[in-house]
Each structure stands twice: as structure tokens, then as C-alpha cells.
$ cat final11.txt   # compact mmCIF, C-alpha atoms
# COMPACT_ATOMS: atom_id res chain seq x y z
CA PRO Y 1 -23.40 -6.07 -34.64
CA LYS Y 2 -25.24 -8.05 -31.97
CA GLN Y 3 -26.99 -11.22 -33.02
CA LYS Y 4 -30.71 -11.34 -32.47
CA LYS Y 5 -31.80 -13.95 -29.98
CA THR Y 6 -34.45 -16.25 -31.36
CA ARG Y 7 -37.34 -16.87 -29.00
CA LYS Y 8 -38.01 -20.45 -28.09
CA PHE Y 9 -41.68 -21.29 -28.39
CA ALA Y 10 -43.36 -24.03 -26.40
CA ALA Y 11 -40.24 -24.58 -24.27
CA VAL Y 12 -41.23 -26.91 -21.45
CA LYS Y 13 -39.60 -26.80 -18.04
CA ARG Y 14 -38.05 -30.07 -17.08
CA MET Y 15 -39.65 -31.42 -13.95
CA LEU Y 16 -38.06 -33.61 -11.30
CA ASN Y 17 -39.70 -36.92 -10.59
CA PRO Y 18 -41.20 -36.80 -7.04
CA LYS Y 19 -39.37 -40.07 -6.27
CA ASP Y 20 -36.02 -38.54 -7.28
CA GLN Y 21 -33.12 -39.31 -4.91
CA ARG Y 22 -32.06 -35.63 -4.75
CA LEU Y 23 -35.42 -34.61 -3.34
CA LYS Y 24 -35.19 -37.29 -0.65
CA VAL Y 25 -31.90 -35.87 0.62
CA VAL Y 26 -33.44 -32.39 0.96
CA GLN Y 27 -36.49 -33.78 2.76
CA GLU Y 28 -34.28 -35.71 5.18
CA ARG Y 29 -32.34 -32.54 6.01
CA LYS Y 30 -35.58 -30.67 6.73
CA ALA Y 31 -36.77 -33.51 8.96
CA LYS Y 32 -33.47 -33.45 10.91
CA LYS Y 33 -33.76 -29.68 11.45
CA LYS Y 34 -37.32 -30.10 12.74
CA LYS Y 35 -36.14 -32.79 15.18
CA GLN Y 36 -33.38 -30.51 16.49
CA ARG Y 37 -35.89 -27.73 17.13
CA THR Y 38 -38.15 -29.97 19.18
CA HIS Y 39 -37.32 -31.29 22.64
CA GLU Y 40 -39.45 -34.18 23.91
CA GLY Y 41 -42.09 -33.42 21.27
CA GLN Y 42 -42.38 -29.74 22.21
CA LEU Y 43 -41.22 -26.86 20.04
CA VAL Y 44 -38.22 -25.04 21.48
CA LYS Y 45 -38.30 -21.28 21.04
CA GLU Y 46 -34.99 -19.48 21.25
CA VAL Y 47 -35.06 -15.99 22.70
CA LYS Y 48 -31.88 -13.98 22.35
CA LYS Y 49 -30.53 -12.86 25.69
CA THR Y 50 -30.12 -9.11 26.00
CA PRO Y 51 -26.61 -8.10 27.05
CA SER Y 52 -26.31 -7.15 30.71
CA GLU Y 53 -24.60 -3.83 29.89
CA LEU Y 54 -27.72 -2.51 28.12
CA PHE Y 55 -30.28 -0.45 30.02
CA PHE Y 56 -33.01 -0.40 27.36
CA LYS Y 57 -31.01 1.10 24.47
CA TYR Y 58 -28.47 2.87 26.70
CA ASN Y 59 -25.14 1.09 26.73
CA SER Y 60 -23.42 1.40 30.11
CA SER Y 61 -20.22 -0.39 28.98
CA LEU Y 62 -19.20 2.56 26.78
CA GLY Y 63 -16.83 4.88 28.56
CA PRO Y 64 -13.45 6.48 28.12
CA PRO Y 65 -11.08 5.31 26.76
CA TYR Y 66 -13.43 4.60 23.86
CA HIS Y 67 -12.65 1.59 21.67
CA ILE Y 68 -13.39 2.41 18.04
CA LEU Y 69 -13.60 -0.32 15.39
CA VAL Y 70 -12.43 1.32 12.15
CA ASP Y 71 -13.76 0.22 8.75
CA THR Y 72 -11.79 0.29 5.47
CA ASN Y 73 -13.60 3.18 3.83
CA PHE Y 74 -13.48 5.35 6.99
CA ILE Y 75 -9.70 5.72 6.68
CA ASN Y 76 -10.03 6.49 2.95
CA PHE Y 77 -12.66 9.18 3.58
CA ALA Y 78 -10.55 10.69 6.39
CA ILE Y 79 -7.63 11.03 3.93
CA GLN Y 80 -9.91 12.56 1.27
CA ASN Y 81 -11.18 15.13 3.78
CA LYS Y 82 -7.60 15.77 5.01
CA LEU Y 83 -8.44 14.81 8.59
CA ASP Y 84 -5.96 13.36 11.07
CA VAL Y 85 -7.66 10.23 12.39
CA PHE Y 86 -6.33 10.37 15.96
CA THR Y 87 -6.92 14.08 16.69
CA SER Y 88 -10.35 14.00 15.01
CA PHE Y 89 -11.40 11.07 17.23
CA MET Y 90 -10.39 13.10 20.28
CA ASP Y 91 -12.18 16.24 19.01
CA CYS Y 92 -15.39 14.32 18.40
CA LEU Y 93 -15.56 12.35 21.65
CA LEU Y 94 -13.62 14.77 23.90
CA ALA Y 95 -11.87 11.82 25.54
CA LYS Y 96 -9.08 9.31 24.97
CA CYS Y 97 -9.79 6.93 22.08
CA VAL Y 98 -8.26 3.59 21.14
CA PRO Y 99 -8.72 2.98 17.40
CA ILE Y 100 -8.91 -0.75 16.67
CA ILE Y 101 -8.35 -2.43 13.31
CA THR Y 102 -9.19 -6.05 12.56
CA ASP Y 103 -7.23 -8.44 10.33
CA CYS Y 104 -10.09 -8.39 7.80
CA VAL Y 105 -9.89 -4.60 7.39
CA MET Y 106 -6.11 -4.83 6.96
CA ALA Y 107 -6.58 -7.57 4.34
CA GLU Y 108 -9.13 -5.41 2.49
CA LEU Y 109 -6.75 -2.44 2.48
CA GLU Y 110 -3.94 -4.62 1.15
CA LYS Y 111 -6.23 -5.95 -1.59
CA LEU Y 112 -7.10 -2.41 -2.73
CA GLY Y 113 -3.58 -2.07 -4.11
CA PRO Y 114 -1.13 0.83 -4.48
CA LYS Y 115 -3.86 3.47 -4.88
CA TYR Y 116 -4.67 3.15 -1.15
CA ARG Y 117 -1.13 2.79 0.17
CA VAL Y 118 -1.50 5.95 2.31
CA ALA Y 119 -4.53 4.41 4.06
CA LEU Y 120 -2.55 1.19 4.60
CA ARG Y 121 0.35 3.14 6.09
CA ILE Y 122 -2.04 4.90 8.51
CA ALA Y 123 -3.62 1.54 9.44
CA LYS Y 124 -0.17 0.10 10.22
CA ASP Y 125 0.46 2.92 12.72
CA PRO Y 126 1.41 1.46 16.14
CA ARG Y 127 -1.28 3.62 17.79
CA PHE Y 128 -3.88 1.38 16.11
CA GLU Y 129 -4.65 -1.72 18.16
CA ARG Y 130 -4.84 -4.93 16.11
CA LEU Y 131 -7.59 -7.51 16.62
CA PRO Y 132 -6.91 -10.98 15.19
CA CYS Y 133 -9.71 -12.77 13.31
CA GLN Y 134 -10.35 -16.51 13.65
CA HIS Y 135 -13.10 -16.85 11.03
CA LYS Y 136 -12.82 -17.84 7.37
CA GLY Y 137 -12.81 -15.23 4.61
CA THR Y 138 -11.90 -11.56 4.73
CA TYR Y 139 -15.28 -9.79 4.42
CA ALA Y 140 -14.86 -6.95 6.90
CA ASP Y 141 -18.55 -5.97 7.23
CA ASP Y 142 -19.61 -9.38 8.57
CA CYS Y 143 -16.58 -9.45 10.84
CA LEU Y 144 -17.40 -6.03 12.38
CA VAL Y 145 -21.10 -6.87 12.82
CA ASN Y 146 -20.26 -10.18 14.55
CA ARG Y 147 -17.75 -8.52 16.88
CA VAL Y 148 -20.21 -5.81 17.85
CA ASN Y 149 -22.93 -8.43 18.47
CA GLN Y 150 -20.63 -10.39 20.79
CA HIS Y 151 -19.22 -7.42 22.73
CA ARG Y 152 -21.16 -4.17 22.92
CA CYS Y 153 -18.15 -2.15 24.07
CA TYR Y 154 -17.19 -0.73 20.65
CA ILE Y 155 -18.03 2.31 18.57
CA VAL Y 156 -18.04 1.48 14.84
CA ALA Y 157 -16.41 4.05 12.55
CA THR Y 158 -17.72 3.65 8.99
CA CYS Y 159 -19.06 5.59 6.01
CA ASP Y 160 -20.60 2.53 4.36
CA LYS Y 161 -24.41 2.90 4.11
CA ASP Y 162 -25.09 -0.86 4.12
CA LEU Y 163 -22.93 -1.46 7.19
CA LYS Y 164 -24.56 1.50 8.98
CA ARG Y 165 -27.99 0.02 8.23
CA ARG Y 166 -26.92 -3.34 9.68
CA ILE Y 167 -25.43 -1.79 12.82
CA ARG Y 168 -28.49 0.39 13.48
CA LYS Y 169 -30.43 -2.83 14.03
CA ILE Y 170 -28.12 -3.69 16.96
CA PRO Y 171 -29.14 -1.68 20.04
CA GLY Y 172 -26.53 0.19 22.04
CA VAL Y 173 -23.84 0.46 19.34
CA PRO Y 174 -22.91 4.03 18.30
CA ILE Y 175 -21.81 4.75 14.72
CA MET Y 176 -19.12 7.27 13.83
CA TYR Y 177 -19.06 8.76 10.34
CA ILE Y 178 -17.67 11.77 8.47
CA SER Y 179 -19.90 14.72 7.60
CA GLN Y 180 -19.03 18.34 6.78
CA ARG Y 181 -15.29 17.58 7.00
CA ARG Y 182 -15.43 16.41 10.61
CA PHE Y 183 -16.17 13.24 12.53
CA SER Y 184 -19.72 12.90 13.84
CA ILE Y 185 -21.36 10.22 15.93
CA GLU Y 186 -24.92 8.96 16.13
CA ARG Y 187 -26.76 7.09 18.91
CA PHE Y 188 -24.25 8.29 21.48
CA PRO Y 189 -25.85 10.18 24.38
CA ASP Y 190 -22.84 11.85 26.03
CA VAL Y 191 -21.40 13.87 23.13
CA ASN Y 192 -22.43 17.51 22.64
CA ASN Y 193 -20.56 17.72 19.33
CA ALA Y 194 -22.83 15.20 17.62
CA PRO Y 195 -25.41 16.55 15.16
CA SER Y 196 -29.07 16.22 16.09
CA THR Y 197 -29.98 14.19 12.96
$ encode --input "final11.txt" --output "C-alpha cells"
Amino acid sequence: PKQKKTRKFAAVKRMLNPKDQRLKVVQERKAKKKKQRTHEGQLVKEVKKTPSELFFKYNSSLGPPYHILVDTNFINFAIQNKLDVFTSFMDCLLAKCVPIITDCVMAELEKLGPKYRVALRIAKDPRFERLPCQHKGTYADDCLVNRVNQHRCYIVATCDKDLKRRIRKIPGVPIMYISQRRFSIERFPDVNNAPST
């Protein structure tokens, strides 16, 4: 049986002394950041430059052969739906496609263990182009978002809702996903096969 937790009455939060050394370090950091933001006493506002390949939200750098960044779960869902990745890409986009897999996605597939060995074997196919990663850690979502932010020449293939939500915030990047046992694409103007939703 679980032990009942006794409630502590009149428990007082311990407060830091305002002259504490730890608080000084934090205040110094904040002051340094403020100094960096100002140039000759004036506040510097950073405006992100829009990529030159974007015409409003239309991405002119996307064209055949299409480069598709593949996420971990996309391969797994393709196997579950018994879809051949390469032919389904071609059927969806009606053009030549170059599926690309990053080191992070490969590391994630290897971590998943023997249950996903079929997905790993597909990912190791020589038709998949490999992209090396220079950053620390193997979190694939951050890696894909950063790559897409740097170069808007990719289509991202994923079934992950959180990653889709993050990529929708980046203009000009189409998202490929699996629905009704076929590959579909959103935010891509040239494809007739894509659903209207």
C-alpha cells in the first residue's frame, strides 16, 4: 500500500539574499547581453533576411529533380502502408526525386533497435543520398528544421505532427506525408495529385 504524504504546514520558501554572489553573476550576464545588442548607444534591431529564391511564399528554387529530406517515422509509416518509397515519390511528384537522409536520421533508426531493421535497410539503400551532420547530438527534428532554414531547396517528408507544425512556420518549404495509403504533399503548387486540404 502507498504511504500517505503528510502535508507540511507553514513551510517557508528560502529566499536568496539580494547581495548573493550568484545573483551578481546573472545580472552581469544580462548587462553583457544588453551591451551586445546596442551599438554606439543605439538599440540594434535584427531583421531576418528573406531568401532570394522566395517570391512571397512561392519557392522558385524547387524544381525537378526534387530533393526530399526523409524523416525517421516516414520510412516506418511507408513500410506499415506497404509502399515502395522510391516509386511512391515519383507517383506523387510526377518527376525524378532524390531522397536524402541525414546522419541524425540514420542514428535514430539505429537507436530504435532490431524492430526497425527493415527501415534501416531501406535507409542504407545506395539510392538514398547521405548528408553529413556537423552539429552535436542526434535529434533529427532540429537538424531537419535547421537545414531547411539554411537552404530552401528541400521537400521534407515526415508524418510527425510536431515537426510538421514547426516546418509550416517556415515559408516556401513543402511537406510530404502519408494519407490514405499514398504519399501526399502540402504547400506545393505544381502537383495535381495533392489533396486540397
$ atom_distance --input "final11.txt" --atom1 "CA of Ala119 (chain Y)" --atom2 "CA of Asn76 (chain Y)"
6.0 Å
$ residues_near_point --input "final11.txt" --point "(-7.7, -3.8, 7.3)" --cutoff "9 Å" --atoms "only C-alpha atoms" --output "list in words"
Val70, Asp71, Thr72, Ile101, Thr102, Asp103, Cys104, Val105, Met106, Ala107, Glu108, Leu109, Glu110, Leu120, Ala123, Lys124 and Ala140 of chain Y
$ closest_residue --input "final11.txt" --among "Y:Asp91, Y:Glu46, Y:Asp141, Y:Glu186" --to "Leu163 (chain Y)" --atoms "all atoms listed in the file"
Y:Asp141
$ atom_distance --input "final11.txt" --atom1 "CA of Phe77 (chain Y)" --atom2 "CA of Cys159 (chain Y)"
7.7 Å
$ residues_around --input "final11.txt" --residues "Leu144 (chain Y)" --least-positions-apart "5" --cutoff "12 Å" --atoms "only C-alpha atoms" --output "PyMOL selection string"
chain Y and resi 68-72+100-105+131-133+135+138-139+149-152+154-158+163-164+166-167+170+173+175
$ closest_residue --input "final11.txt" --among "Y:Ser88, Y:Asn146, Y:Asn59, Y:Ile185" --to "Ile75 (chain Y)" --atoms "only C-alpha atoms"
Y:Ser88
$ closest_residue --input "final11.txt" --among "Y:Val98, Y:Val25, Y:Leu62, Y:Ala78" --to "Pro189 (chain Y)" --atoms "only C-alpha atoms"
Y:Leu62
$ residues_around --input "final11.txt" --residues "Phe55 (chain Y)" --least-positions-apart "5" --cutoff "10 Å" --atoms "only C-alpha atoms" --output "ChimeraX atom specification"
/Y:50,60,172
$ atom_distance --input "final11.txt" --atom1 "CA of Tyr66 (chain Y)" --atom2 "CA of Cys97 (chain Y)"
4.7 Å
$ closest_residue --input "final11.txt" --among "Y:Leu83, Y:Leu94, Y:Ile178, Y:Ala31" --to "Pro65 (chain Y)" --atoms "all atoms listed in the file"
Y:Leu94
$ closest_residue --input "final11.txt" --among "Y:Met15, Y:Val148, Y:Val85, Y:Leu93" --to "Phe188 (chain Y)" --atoms "all atoms listed in the file"
Y:Leu93
$ closest_residue --input "final11.txt" --among "Y:Glu129, Y:Ile79, Y:Gln134, Y:Lys57" --to "Lys169 (chain Y)" --atoms "all atoms listed in the file"
Y:Lys57
